[in-house]
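Novice: Please see the structure below; I have some questions.
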Amino acid sequence: MSDGRRTRTQVCIIGSGPAGLLLGQLLHRAGVDAVILERRSKQYVLGRIRAGVLERTTVDLLERAGCAGRAHSEGLIHAGVNLAFDGSLHRLDLAAGSGGKTVLVYGQTEVTRDLMAAREAEGLITHYAAEDVEPQDFDGARPFVTFTEGGVRRRIDCDVIAGCDGYHGVSRASVPPDAIRTFQRDYPFGWMGLLADAPPVEEELIYAAHAHGFALCSMRSPTRSRYYVQCPVEDRVEDWPDDRFWDELRRRLPEDVARRVETAPSIEKSIAPLRSFVAEPLRFGRLFLCGDAAHIVPPTGAKGLNLAASDVHYLVEALSGFFLEGDAEALDRYSTRALARVWKAERFSWWFTSLMHRFPEDGAFDRRIRRAELDYLVGSEAAAAAFSENYVGLPF
Ligand code: RFL
Ligand code: PHB
């Protein structure tokens, strides 16, 4: 392989989602060199509509990365969320229940855009449309990654590989099966999501439990709404013309709220399956898994993107210790530290999903128990506080 096809960096990051981009930016600020390989085009990555709620800890990391300007000026600070059930709306005061903490409503697409812009402004290298990316020799001290770009096979030699390539990525798949353990729960439903340029129905989010299934009213700005309804996992977007979506959303909301829903033609519609998943450990020699590559939560707790960010926090500490202070043990600590927070968010997301959705096997007893739990949640300060401290994000 000629020199032009072979380069070197300290950290080769696979994937330019929020995890890979945030990691690249924080490493750069710490003085550690990194290159990103992304399978898709930049436009494709920016076209994905996903998460919308950022924990304070995630915003802090964006600040440290020098990328929080627009999040602060355009994001919406929310100090509460609403639960809807049995025809009425109940507000949970997140700030009161969490010692004054709030969340920021700011779309993942915008986070990605801001991180990409910062990366470009600093002249840092991302290879988009990198095909057949293969992490190699990570069980030794000289790992490398090969990929194809414009028909040419290339190689990046590195000290460490960061697998930030999402649930379907190549990094986790490259680990020998006997070195990894996985834990999984698939839910028997999905979320049908719709984005529209219409003012949100409420200032704060509404999580609605209804006999027809769960619904969520969220937003991206004062003029752009993001709504979701629980749907059968085998449904396709074609099954959900806009009119059907709006009817089903209204049906699942309290009447006075439903009357206030303003509709507009959809800008984007997609269906996401719901899944809980964790891979352990997060380190295999010189390969580190980070974000959705290592774990998935159902979106009900708004934790996916935030967990990716907290992994990055722990990984930056580990890699800074290794590269800047020669502390190889820092690398050992990453997996245990990150997983402790991951499992707490897995628990919260599983619990909130189980509480709010309708399951095919539900009987009358399950429905009564759920209603009792919802009553307890909105009626008990202690229960509301436990919800709030998880929703705004547990401390690192
Ligand atoms: P990402 O965002 O999936 O980014 C991974 C990147 O890696 C690239 N990639 C590869 N690159 C090179 N070689 C390969 N072989 C590669 N394979 C994959 C991909 O193209 C991609 O650019 O993972 P990351 O960075 O860990 O970030 C995690 C978050 O994106 C994720 O947790 C959340 O978006 C989850 N999630 C949601 N979370 C919420 O909190 N609220 C939501 O409403 C919400 N909606 C969603 C979601 C995830 C979805 N997925 C993964 C299908 C909706 C969907 C549809
Ligand atoms: C979103 O706005 O897309 C969103 C908000 C809260 C969630 C999930 C998704 O729990």
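To be explicit about the labels: the chains of the structure tokens are called A, B, and onward in the order shown, and within each one the residues are counted from 1, while ligands get numbers from 1 in the order they are shown.
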With only C-alpha atoms and all ligand atoms counted, collect every polymer residue having an atom within 6 Å of ligand 1; state the result as an mmCIF file with all heavy atoms, in the first residue's frame.
Specialist:
```cif
data_model
loop_
_atom_site.group_PDB
_atom_site.id
_atom_site.type_symbol
_atom_site.label_atom_id
_atom_site.label_comp_id
_atom_site.auth_asym_id
_atom_site.auth_seq_id
_atom_site.Cartn_x
_atom_site.Cartn_y
_atom_site.Cartn_z
ATOM 1 N N ILE A 14 -14.931 5.464 14.320
ATOM 2 C CA ILE A 14 -15.831 4.944 13.290
ATOM 3 C C ILE A 14 -17.239 5.445 13.598
ATOM 4 O O ILE A 14 -17.793 5.144 14.654
ATOM 5 C CB ILE A 14 -15.804 3.399 13.245
ATOM 6 C CG1 ILE A 14 -14.356 2.903 13.079
ATOM 7 C CG2 ILE A 14 -16.683 2.885 12.114
ATOM 8 C CD1 ILE A 14 -14.232 1.386 13.078
ATOM 9 N N GLY A 15 -17.799 6.258 12.675
ATOM 10 C CA GLY A 15 -19.151 6.779 12.856
ATOM 11 C C GLY A 15 -19.170 8.261 13.176
ATOM 12 O O GLY A 15 -18.469 8.712 14.083
ATOM 13 N N SER A 16 -19.951 9.034 12.416
ATOM 14 C CA SER A 16 -20.051 10.470 12.699
ATOM 15 C C SER A 16 -21.461 10.830 13.141
ATOM 16 O O SER A 16 -22.030 11.826 12.720
ATOM 17 C CB SER A 16 -19.628 11.304 11.488
ATOM 18 O OG SER A 16 -20.673 11.344 10.547
ATOM 19 N N GLY A 17 -22.029 10.019 14.030
ATOM 20 C CA GLY A 17 -23.242 10.427 14.741
ATOM 21 C C GLY A 17 -22.819 11.322 15.894
ATOM 22 O O GLY A 17 -21.647 11.732 15.967
ATOM 23 N N PRO A 18 -23.737 11.647 16.793
ATOM 24 C CA PRO A 18 -23.374 12.517 17.918
ATOM 25 C C PRO A 18 -22.205 11.966 18.739
ATOM 26 O O PRO A 18 -21.338 12.739 19.163
ATOM 27 C CB PRO A 18 -24.641 12.572 18.768
ATOM 28 C CG PRO A 18 -25.730 11.983 17.964
ATOM 29 C CD PRO A 18 -25.156 11.274 16.791
ATOM 30 N N ALA A 19 -22.141 10.642 18.956
ATOM 31 C CA ALA A 19 -21.046 10.099 19.773
ATOM 32 C C ALA A 19 -19.696 10.351 19.114
ATOM 33 O O ALA A 19 -18.781 10.902 19.736
ATOM 34 C CB ALA A 19 -21.258 8.600 20.014
ATOM 35 N N GLY A 20 -19.560 9.973 17.842
ATOM 36 C CA GLY A 20 -18.280 10.132 17.152
ATOM 37 C C GLY A 20 -17.860 11.586 17.019
ATOM 38 O O GLY A 20 -16.696 11.936 17.233
ATOM 39 N N LEU A 37 -14.303 8.118 10.331
ATOM 40 C CA LEU A 37 -14.759 7.420 9.122
ATOM 41 C C LEU A 37 -16.268 7.248 9.207
ATOM 42 O O LEU A 37 -16.767 6.681 10.186
ATOM 43 C CB LEU A 37 -14.120 6.029 9.023
ATOM 44 C CG LEU A 37 -12.601 5.965 8.986
ATOM 45 C CD1 LEU A 37 -12.144 4.513 8.885
ATOM 46 C CD2 LEU A 37 -12.078 6.762 7.796
ATOM 47 N N GLU A 38 -17.009 7.712 8.208
ATOM 48 C CA GLU A 38 -18.474 7.619 8.221
ATOM 49 C C GLU A 38 -18.949 6.955 6.937
ATOM 50 O O GLU A 38 -18.558 7.352 5.841
ATOM 51 C CB GLU A 38 -19.078 9.025 8.369
ATOM 52 C CG GLU A 38 -20.560 9.146 8.044
ATOM 53 C CD GLU A 38 -21.472 8.279 8.915
ATOM 54 O OE1 GLU A 38 -21.324 8.309 10.148
ATOM 55 O OE2 GLU A 38 -22.329 7.560 8.341
ATOM 56 N N ARG A 39 -19.803 5.961 7.102
ATOM 57 C CA ARG A 39 -20.282 5.184 5.959
ATOM 58 C C ARG A 39 -21.166 6.009 5.020
ATOM 59 O O ARG A 39 -21.146 5.837 3.806
ATOM 60 C CB ARG A 39 -21.089 4.002 6.511
ATOM 61 C CG ARG A 39 -21.599 3.067 5.460
ATOM 62 C CD ARG A 39 -22.168 1.840 6.104
ATOM 63 N NE ARG A 39 -23.238 2.182 7.047
ATOM 64 C CZ ARG A 39 -24.150 1.311 7.460
ATOM 65 N NH1 ARG A 39 -24.121 0.076 7.030
ATOM 66 N NH2 ARG A 39 -25.069 1.677 8.311
ATOM 67 N N ARG A 40 -21.964 6.914 5.601
ATOM 68 C CA ARG A 40 -22.941 7.672 4.815
ATOM 69 C C ARG A 40 -22.369 8.998 4.353
ATOM 70 O O ARG A 40 -21.299 9.411 4.787
ATOM 71 C CB ARG A 40 -24.176 7.954 5.674
ATOM 72 C CG ARG A 40 -24.819 6.725 6.252
ATOM 73 C CD ARG A 40 -25.543 5.970 5.187
ATOM 74 N NE ARG A 40 -26.404 4.944 5.770
ATOM 75 C CZ ARG A 40 -27.266 4.226 5.083
ATOM 76 N NH1 ARG A 40 -27.402 4.414 3.784
ATOM 77 N NH2 ARG A 40 -28.000 3.318 5.661
ATOM 78 N N VAL A 45 -26.526 11.949 6.903
ATOM 79 C CA VAL A 45 -26.433 12.008 8.367
ATOM 80 C C VAL A 45 -27.278 13.169 8.899
ATOM 81 O O VAL A 45 -27.984 13.046 9.901
ATOM 82 C CB VAL A 45 -24.957 12.139 8.814
ATOM 83 C CG1 VAL A 45 -24.857 12.348 10.321
ATOM 84 C CG2 VAL A 45 -24.163 10.897 8.408
ATOM 85 N N ARG A 50 -34.078 12.410 14.829
ATOM 86 C CA ARG A 50 -34.103 11.500 15.988
ATOM 87 C C ARG A 50 -34.427 12.252 17.266
ATOM 88 O O ARG A 50 -35.461 12.863 17.354
ATOM 89 C CB ARG A 50 -32.788 10.738 16.071
ATOM 90 C CG ARG A 50 -32.632 9.729 14.931
ATOM 91 C CD ARG A 50 -31.370 8.964 15.094
ATOM 92 N NE ARG A 50 -31.176 7.954 14.071
ATOM 93 C CZ ARG A 50 -30.087 7.223 13.996
ATOM 94 N NH1 ARG A 50 -29.105 7.410 14.858
ATOM 95 N NH2 ARG A 50 -29.966 6.313 13.050
ATOM 96 N N ALA A 51 -33.521 12.210 18.219
ATOM 97 C CA ALA A 51 -33.843 12.681 19.568
ATOM 98 C C ALA A 51 -34.072 14.193 19.632
ATOM 99 O O ALA A 51 -33.678 14.937 18.738
ATOM 100 C CB ALA A 51 -32.710 12.290 20.499
ATOM 101 N N GLY A 52 -34.695 14.625 20.740
ATOM 102 C CA GLY A 52 -34.992 16.042 20.894
ATOM 103 C C GLY A 52 -34.730 16.640 22.256
ATOM 104 O O GLY A 52 -34.817 17.853 22.412
ATOM 105 N N VAL A 133 -15.676 -0.423 5.992
ATOM 106 C CA VAL A 133 -14.761 -0.084 7.093
ATOM 107 C C VAL A 133 -14.507 -1.349 7.922
ATOM 108 O O VAL A 133 -15.438 -2.065 8.271
ATOM 109 C CB VAL A 133 -15.395 1.019 7.978
ATOM 110 C CG1 VAL A 133 -14.561 1.253 9.225
ATOM 111 C CG2 VAL A 133 -15.581 2.302 7.177
ATOM 112 N N CYS A 164 -18.029 4.144 17.283
ATOM 113 C CA CYS A 164 -19.183 5.030 17.540
ATOM 114 C C CYS A 164 -20.163 4.876 16.387
ATOM 115 O O CYS A 164 -20.758 5.848 15.928
ATOM 116 C CB CYS A 164 -18.725 6.483 17.629
ATOM 117 S SG CYS A 164 -17.490 6.779 18.905
ATOM 118 N N ASP A 165 -20.307 3.651 15.878
ATOM 119 C CA ASP A 165 -21.027 3.450 14.614
ATOM 120 C C ASP A 165 -22.425 2.875 14.801
ATOM 121 O O ASP A 165 -22.962 2.236 13.893
ATOM 122 C CB ASP A 165 -20.194 2.585 13.658
ATOM 123 C CG ASP A 165 -19.603 1.345 14.319
ATOM 124 O OD1 ASP A 165 -19.709 1.221 15.550
ATOM 125 O OD2 ASP A 165 -19.043 0.506 13.601
ATOM 126 N N GLY A 166 -23.035 3.140 15.933
ATOM 127 C CA GLY A 166 -24.450 2.831 16.094
ATOM 128 C C GLY A 166 -24.742 1.342 16.223
ATOM 129 O O GLY A 166 -23.853 0.496 16.165
ATOM 130 N N HIS A 168 -26.175 -0.821 14.263
ATOM 131 C CA HIS A 168 -25.917 -1.711 13.128
ATOM 132 C C HIS A 168 -24.479 -1.616 12.613
ATOM 133 O O HIS A 168 -24.186 -2.077 11.515
ATOM 134 C CB HIS A 168 -26.882 -1.390 11.979
ATOM 135 C CG HIS A 168 -28.318 -1.565 12.369
ATOM 136 N ND1 HIS A 168 -28.895 -2.801 12.521
ATOM 137 C CD2 HIS A 168 -29.285 -0.657 12.677
ATOM 138 C CE1 HIS A 168 -30.162 -2.658 12.891
ATOM 139 N NE2 HIS A 168 -30.419 -1.363 12.996
ATOM 140 N N GLY A 169 -23.603 -1.017 13.410
ATOM 141 C CA GLY A 169 -22.250 -0.755 12.938
ATOM 142 C C GLY A 169 -21.365 -1.996 12.882
ATOM 143 O O GLY A 169 -21.754 -3.090 13.292
ATOM 144 N N VAL A 170 -20.135 -1.767 12.396
ATOM 145 C CA VAL A 170 -19.205 -2.868 12.185
ATOM 146 C C VAL A 170 -18.363 -3.152 13.442
ATOM 147 O O VAL A 170 -17.832 -4.246 13.607
ATOM 148 C CB VAL A 170 -18.301 -2.548 10.964
ATOM 149 C CG1 VAL A 170 -17.379 -1.356 11.268
ATOM 150 C CG2 VAL A 170 -17.485 -3.743 10.554
ATOM 151 N N ALA A 272 -39.822 3.832 14.198
ATOM 152 C CA ALA A 272 -38.670 3.262 14.901
ATOM 153 C C ALA A 272 -39.145 2.104 15.772
ATOM 154 O O ALA A 272 -40.128 2.246 16.502
ATOM 155 C CB ALA A 272 -38.014 4.331 15.762
ATOM 156 N N GLY A 291 -21.796 4.773 22.790
ATOM 157 C CA GLY A 291 -23.109 5.171 22.269
ATOM 158 C C GLY A 291 -23.923 3.976 21.800
ATOM 159 O O GLY A 291 -23.807 2.864 22.334
ATOM 160 N N ASP A 292 -24.752 4.190 20.777
ATOM 161 C CA ASP A 292 -25.667 3.141 20.292
ATOM 162 C C ASP A 292 -24.931 1.883 19.827
ATOM 163 O O ASP A 292 -25.540 0.818 19.732
ATOM 164 C CB ASP A 292 -26.507 3.663 19.117
ATOM 165 C CG ASP A 292 -27.755 4.417 19.575
ATOM 166 O OD1 ASP A 292 -27.797 4.824 20.745
ATOM 167 O OD2 ASP A 292 -28.675 4.596 18.751
ATOM 168 N N ALA A 293 -23.654 1.968 19.532
ATOM 169 C CA ALA A 293 -22.882 0.771 19.165
ATOM 170 C C ALA A 293 -22.880 -0.221 20.318
ATOM 171 O O ALA A 293 -22.759 -1.428 20.123
ATOM 172 C CB ALA A 293 -21.446 1.170 18.810
ATOM 173 N N PRO A 299 -37.064 5.014 23.220
ATOM 174 C CA PRO A 299 -36.939 6.475 23.308
ATOM 175 C C PRO A 299 -37.814 7.149 24.364
ATOM 176 O O PRO A 299 -37.695 8.354 24.578
ATOM 177 C CB PRO A 299 -37.341 6.951 21.909
ATOM 178 C CG PRO A 299 -38.141 5.839 21.329
ATOM 179 C CD PRO A 299 -37.647 4.578 21.942
ATOM 180 N N ALA A 302 -36.140 9.526 26.625
ATOM 181 C CA ALA A 302 -35.278 10.505 25.944
ATOM 182 C C ALA A 302 -33.809 10.348 26.357
ATOM 183 O O ALA A 302 -33.108 11.321 26.602
ATOM 184 C CB ALA A 302 -35.766 11.935 26.212
ATOM 185 N N LYS A 303 -33.352 9.121 26.453
ATOM 186 C CA LYS A 303 -32.019 8.880 27.006
ATOM 187 C C LYS A 303 -30.955 8.486 25.963
ATOM 188 O O LYS A 303 -29.759 8.509 26.270
ATOM 189 C CB LYS A 303 -32.081 7.754 28.054
ATOM 190 C CG LYS A 303 -32.812 8.147 29.319
ATOM 191 C CD LYS A 303 -31.937 9.008 30.198
ATOM 192 C CE LYS A 303 -32.717 9.764 31.241
ATOM 193 N NZ LYS A 303 -32.790 11.207 31.019
ATOM 194 N N GLY A 304 -31.347 8.072 24.740
ATOM 195 C CA GLY A 304 -30.383 7.509 23.785
ATOM 196 C C GLY A 304 -29.195 8.421 23.504
ATOM 197 O O GLY A 304 -28.033 8.054 23.707
ATOM 198 N N LEU A 305 -29.505 9.617 23.051
ATOM 199 C CA LEU A 305 -28.459 10.576 22.716
ATOM 200 C C LEU A 305 -27.671 10.983 23.967
ATOM 201 O O LEU A 305 -26.448 11.155 23.929
ATOM 202 C CB LEU A 305 -29.137 11.785 22.067
ATOM 203 C CG LEU A 305 -28.338 13.039 21.865
ATOM 204 C CD1 LEU A 305 -27.152 12.773 20.965
ATOM 205 C CD2 LEU A 305 -29.220 14.110 21.247
ATOM 206 N N ALA A 308 -25.172 8.367 24.867
ATOM 207 C CA ALA A 308 -24.028 8.430 23.956
ATOM 208 C C ALA A 308 -23.068 9.510 24.451
ATOM 209 O O ALA A 308 -21.850 9.317 24.495
ATOM 210 C CB ALA A 308 -24.502 8.724 22.524
#
```
Novice: As a count of residues only, list the residues of stretch 26-275 of chain A assigned to strand (DSSP E) by DSSP on the backbone atoms of this structure.
Specialist: 93
Novice: Report, in Å with one decimal, the straight-line distance from atom CA of A:Leu195 to atom CA of A:Lys269.
Specialist: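 Taking atom CA of A:Leu195 and atom CA of A:Lys269, their separation equals 6.5 Å.
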Novice: Excluding A:Val145 and any residue of its chain fewer than 4 positions from it, enumerate the residues within 12 Å of it, using only C-alpha atoms, and give them as a PDB file with N, CA and C atoms, in the first residue's frame.
Specialist:
```pdb
ATOM      1  N   ARG A   5      -2.083   6.171   0.588  1.00  0.00           N
ATOM      2  CA  ARG A   5      -3.231   5.355   0.982  1.00  0.00           C
ATOM      3  C   ARG A   5      -3.138   4.914   2.432  1.00  0.00           C
ATOM      4  N   ARG A   6      -2.033   5.296   3.084  1.00  0.00           N
ATOM      5  CA  ARG A   6      -1.830   4.844   4.462  1.00  0.00           C
ATOM      6  C   ARG A   6      -1.476   6.056   5.311  1.00  0.00           C
ATOM      7  N   THR A   7      -2.307   6.331   6.323  1.00  0.00           N
ATOM      8  CA  THR A   7      -2.041   7.478   7.189  1.00  0.00           C
ATOM      9  C   THR A   7      -2.082   7.024   8.639  1.00  0.00           C
ATOM     10  N   ARG A   8      -1.746   7.961   9.544  1.00  0.00           N
ATOM     11  CA  ARG A   8      -1.692   7.605  10.959  1.00  0.00           C
ATOM     12  C   ARG A   8      -2.398   8.653  11.803  1.00  0.00           C
ATOM     13  N   THR A   9      -3.058   8.194  12.849  1.00  0.00           N
ATOM     14  CA  THR A   9      -3.664   9.095  13.826  1.00  0.00           C
ATOM     15  C   THR A   9      -3.617   8.407  15.186  1.00  0.00           C
ATOM     16  N   GLN A  10      -3.963   9.139  16.250  1.00  0.00           N
ATOM     17  CA  GLN A  10      -3.990   8.480  17.562  1.00  0.00           C
ATOM     18  C   GLN A  10      -5.278   7.680  17.755  1.00  0.00           C
ATOM     19  N   VAL A  11      -6.410   8.326  17.417  1.00  0.00           N
ATOM     20  CA  VAL A  11      -7.698   7.645  17.609  1.00  0.00           C
ATOM     21  C   VAL A  11      -8.450   7.608  16.281  1.00  0.00           C
ATOM     22  N   CYS A  12      -8.779   6.426  15.808  1.00  0.00           N
ATOM     23  CA  CYS A  12      -9.609   6.314  14.625  1.00  0.00           C
ATOM     24  C   CYS A  12     -11.048   6.093  15.085  1.00  0.00           C
ATOM     25  N   ILE A  13     -11.904   7.074  14.790  1.00  0.00           N
ATOM     26  CA  ILE A  13     -13.304   7.022  15.227  1.00  0.00           C
ATOM     27  C   ILE A  13     -14.156   6.503  14.076  1.00  0.00           C
ATOM     28  N   ILE A  14     -14.931   5.464  14.320  1.00  0.00           N
ATOM     29  CA  ILE A  14     -15.831   4.944  13.290  1.00  0.00           C
ATOM     30  C   ILE A  14     -17.239   5.445  13.598  1.00  0.00           C
ATOM     31  N   VAL A  35      -9.275  10.879  13.605  1.00  0.00           N
ATOM     32  CA  VAL A  35      -9.869  10.930  12.264  1.00  0.00           C
ATOM     33  C   VAL A  35     -11.201  10.195  12.347  1.00  0.00           C
ATOM     34  N   ILE A  36     -12.225  10.681  11.634  1.00  0.00           N
ATOM     35  CA  ILE A  36     -13.537  10.005  11.648  1.00  0.00           C
ATOM     36  C   ILE A  36     -13.812   9.352  10.290  1.00  0.00           C
ATOM     37  N   LEU A  37     -14.303   8.118  10.331  1.00  0.00           N
ATOM     38  CA  LEU A  37     -14.759   7.420   9.122  1.00  0.00           C
ATOM     39  C   LEU A  37     -16.268   7.248   9.207  1.00  0.00           C
ATOM     40  N   ALA A 130     -17.340   6.364   3.437  1.00  0.00           N
ATOM     41  CA  ALA A 130     -16.264   5.371   3.588  1.00  0.00           C
ATOM     42  C   ALA A 130     -16.914   3.983   3.590  1.00  0.00           C
ATOM     43  N   GLU A 131     -16.562   3.176   2.591  1.00  0.00           N
ATOM     44  CA  GLU A 131     -17.202   1.860   2.458  1.00  0.00           C
ATOM     45  C   GLU A 131     -16.347   0.767   3.083  1.00  0.00           C
ATOM     46  N   ASP A 132     -17.021  -0.313   3.461  1.00  0.00           N
ATOM     47  CA  ASP A 132     -16.350  -1.521   3.961  1.00  0.00           C
ATOM     48  C   ASP A 132     -15.289  -1.213   5.015  1.00  0.00           C
ATOM     49  N   VAL A 133     -15.676  -0.423   5.992  1.00  0.00           N
ATOM     50  CA  VAL A 133     -14.761  -0.084   7.093  1.00  0.00           C
ATOM     51  C   VAL A 133     -14.507  -1.349   7.922  1.00  0.00           C
ATOM     52  N   GLU A 134     -13.227  -1.614   8.197  1.00  0.00           N
ATOM     53  CA  GLU A 134     -12.889  -2.821   8.979  1.00  0.00           C
ATOM     54  C   GLU A 134     -11.872  -2.508  10.063  1.00  0.00           C
ATOM     55  N   PRO A 135     -12.288  -2.585  11.347  1.00  0.00           N
ATOM     56  CA  PRO A 135     -11.323  -2.429  12.430  1.00  0.00           C
ATOM     57  C   PRO A 135     -10.487  -3.715  12.539  1.00  0.00           C
ATOM     58  N   GLN A 136      -9.152  -3.553  12.653  1.00  0.00           N
ATOM     59  CA  GLN A 136      -8.293  -4.744  12.621  1.00  0.00           C
ATOM     60  C   GLN A 136      -7.200  -4.701  13.694  1.00  0.00           C
ATOM     61  N   ASP A 137      -6.781  -5.886  14.111  1.00  0.00           N
ATOM     62  CA  ASP A 137      -5.663  -6.062  15.055  1.00  0.00           C
ATOM     63  C   ASP A 137      -5.821  -5.277  16.352  1.00  0.00           C
ATOM     64  N   PHE A 138      -7.059  -5.129  16.828  1.00  0.00           N
ATOM     65  CA  PHE A 138      -7.241  -4.332  18.049  1.00  0.00           C
ATOM     66  C   PHE A 138      -6.928  -5.135  19.309  1.00  0.00           C
ATOM     67  N   ARG A 153      -8.729   1.315  -1.759  1.00  0.00           N
ATOM     68  CA  ARG A 153      -8.638   0.765  -0.403  1.00  0.00           C
ATOM     69  C   ARG A 153      -7.599   1.559   0.382  1.00  0.00           C
ATOM     70  N   ARG A 154      -7.965   2.055   1.551  1.00  0.00           N
ATOM     71  CA  ARG A 154      -7.051   2.855   2.366  1.00  0.00           C
ATOM     72  C   ARG A 154      -6.877   2.234   3.744  1.00  0.00           C
ATOM     73  N   ARG A 155      -5.833   2.724   4.454  1.00  0.00           N
ATOM     74  CA  ARG A 155      -5.548   2.185   5.788  1.00  0.00           C
ATOM     75  C   ARG A 155      -5.166   3.328   6.730  1.00  0.00           C
ATOM     76  N   ILE A 156      -5.754   3.310   7.915  1.00  0.00           N
ATOM     77  CA  ILE A 156      -5.371   4.275   8.944  1.00  0.00           C
ATOM     78  C   ILE A 156      -4.780   3.505  10.120  1.00  0.00           C
ATOM     79  N   ASP A 157      -3.508   3.738  10.409  1.00  0.00           N
ATOM     80  CA  ASP A 157      -2.866   3.144  11.587  1.00  0.00           C
ATOM     81  C   ASP A 157      -3.175   4.043  12.779  1.00  0.00           C
ATOM     82  N   CYS A 158      -3.390   3.422  13.935  1.00  0.00           N
ATOM     83  CA  CYS A 158      -3.780   4.223  15.094  1.00  0.00           C
ATOM     84  C   CYS A 158      -3.368   3.519  16.383  1.00  0.00           C
ATOM     85  N   ASP A 159      -3.563   4.206  17.518  1.00  0.00           N
ATOM     86  CA  ASP A 159      -3.313   3.582  18.819  1.00  0.00           C
ATOM     87  C   ASP A 159      -4.588   2.976  19.386  1.00  0.00           C
ATOM     88  N   VAL A 160      -5.705   3.602  19.032  1.00  0.00           N
ATOM     89  CA  VAL A 160      -6.983   3.213  19.606  1.00  0.00           C
ATOM     90  C   VAL A 160      -8.074   3.364  18.541  1.00  0.00           C
ATOM     91  N   ILE A 161      -9.052   2.449  18.563  1.00  0.00           N
ATOM     92  CA  ILE A 161     -10.222   2.572  17.685  1.00  0.00           C
ATOM     93  C   ILE A 161     -11.435   2.852  18.561  1.00  0.00           C
ATOM     94  N   ALA A 162     -12.216   3.887  18.200  1.00  0.00           N
ATOM     95  CA  ALA A 162     -13.454   4.174  18.931  1.00  0.00           C
ATOM     96  C   ALA A 162     -14.631   3.774  18.048  1.00  0.00           C
ATOM     97  N   GLY A 163     -15.370   2.765  18.462  1.00  0.00           N
ATOM     98  CA  GLY A 163     -16.533   2.293  17.705  1.00  0.00           C
ATOM     99  C   GLY A 163     -17.760   3.099  18.077  1.00  0.00           C
ATOM    100  N   VAL A 170     -20.135  -1.767  12.396  1.00  0.00           N
ATOM    101  CA  VAL A 170     -19.205  -2.868  12.185  1.00  0.00           C
ATOM    102  C   VAL A 170     -18.363  -3.152  13.442  1.00  0.00           C
ATOM    103  N   SER A 171     -18.264  -2.175  14.338  1.00  0.00           N
ATOM    104  CA  SER A 171     -17.331  -2.317  15.470  1.00  0.00           C
ATOM    105  C   SER A 171     -17.729  -3.461  16.391  1.00  0.00           C
ATOM    106  N   SER A 174     -17.348  -6.837  14.984  1.00  0.00           N
ATOM    107  CA  SER A 174     -15.984  -7.325  14.771  1.00  0.00           C
ATOM    108  C   SER A 174     -15.410  -8.034  15.995  1.00  0.00           C
ATOM    109  N   ARG A 286      -7.753  -2.667  22.180  1.00  0.00           N
ATOM    110  CA  ARG A 286      -7.679  -1.244  21.799  1.00  0.00           C
ATOM    111  C   ARG A 286      -8.939  -0.762  21.068  1.00  0.00           C
ATOM    112  N   LEU A 287     -10.001  -1.555  21.131  1.00  0.00           N
ATOM    113  CA  LEU A 287     -11.287  -1.123  20.556  1.00  0.00           C
ATOM    114  C   LEU A 287     -12.263  -0.772  21.676  1.00  0.00           C
TER     115      LEU A 287
END
```
Novice: How many Å separate atom CA of A:Phe189 from atom CA of A:Gly379?
Specialist: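 Distance reported for this atom pair: 28.9 Å.
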Novice: So how far away is atom CA of A:Pro199 from atom CA of A:Thr223, in Å?
Specialist: 4.2 Å
Novice: For A:Thr263, list every protein, DNA or RNA residue within 9 Å, evaluated using only C-alpha atoms, and leave out those in the same chain fewer than 3 positions away; present the list as a list in words.
Specialist: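 Here the answer would be Ala196, Asp197, Ala198, Pro199, Trp246 and Ser266 of chain A.
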Novice: Report as a ChimeraX atom specification all protein, DNA and RNA residues lying within 12 Å of A:Arg56, evaluated on only C-alpha atoms, omitting residues in the same chain fewer than 4 positions from it.
Specialist: /A:60-63,68,71-72,75,77-79,95,98,100-106,306,309-310,389-396
Novice: Extract, using only C-alpha atoms, all DNA, RNA and protein residues at most 12 Å from A:Thr353, discarding same-chain residues fewer than 4 positions from it, and format them as a VMD selection string.
Specialist: chain A and resid 185 to 191 207 to 209 213 to 216 230 274 to 276 297 to 303 345 to 349 357 to 359 370
Novice: Closest to ligand 2 among A:Asp375, A:Glu204, A:Asp139, A:Glu122, using only C-alpha atoms and all ligand atoms?
Specialist: A:Glu204
Novice: Could you pull out the helix (DSSP H, G or I) residues of stretch 192-390 of chain A from DSSP and send them as a PyMOL selection string?
Specialist: chain A and resi 237-239+242-251+255-260+291-293+299-301+304-325+329-356+364-379+381-390
Novice: Just checking: using only C-alpha atoms, which residue out of A:Leu253, A:Val152, A:Val342, A:Ala383 ends up closest to A:Phe277?
Specialist: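 The closest residue to A:Phe277 is A:Val342.
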Novice: Considering only C-alpha atoms and all ligand atoms, state which residue in the set A:Cys217, A:Leu27, A:Ala117, A:Leu94 is at the smallest distance from ligand 2.
Specialist: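 Once distances to ligand 2 are computed over only C-alpha atoms and all ligand atoms, the minimum belongs to A:Cys217.
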Novice: Residues within 10 Å of A:Ala338, please, as a list in words. Count only C-alpha atoms; anything in the same chain fewer than 3 positions from it doesn't count.
Specialist: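 These residues fall inside the cut-off: Pro281, Leu282, Cys290, Gly291, Leu307, Ala308, Ser310, Asp311, Val312, His313, Tyr314, Leu315, Arg333, Tyr334, Ser335, Arg341, Val342, Trp343 and Phe396 of chain A.
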Novice: Give the answer as one residue: which of A:Tyr228, A:Trp240, A:Phe85, A:Tyr128 has the shortest atom-to-atom distance to ligand 2, using only C-alpha atoms and all ligand atoms?
Specialist: A:Tyr228
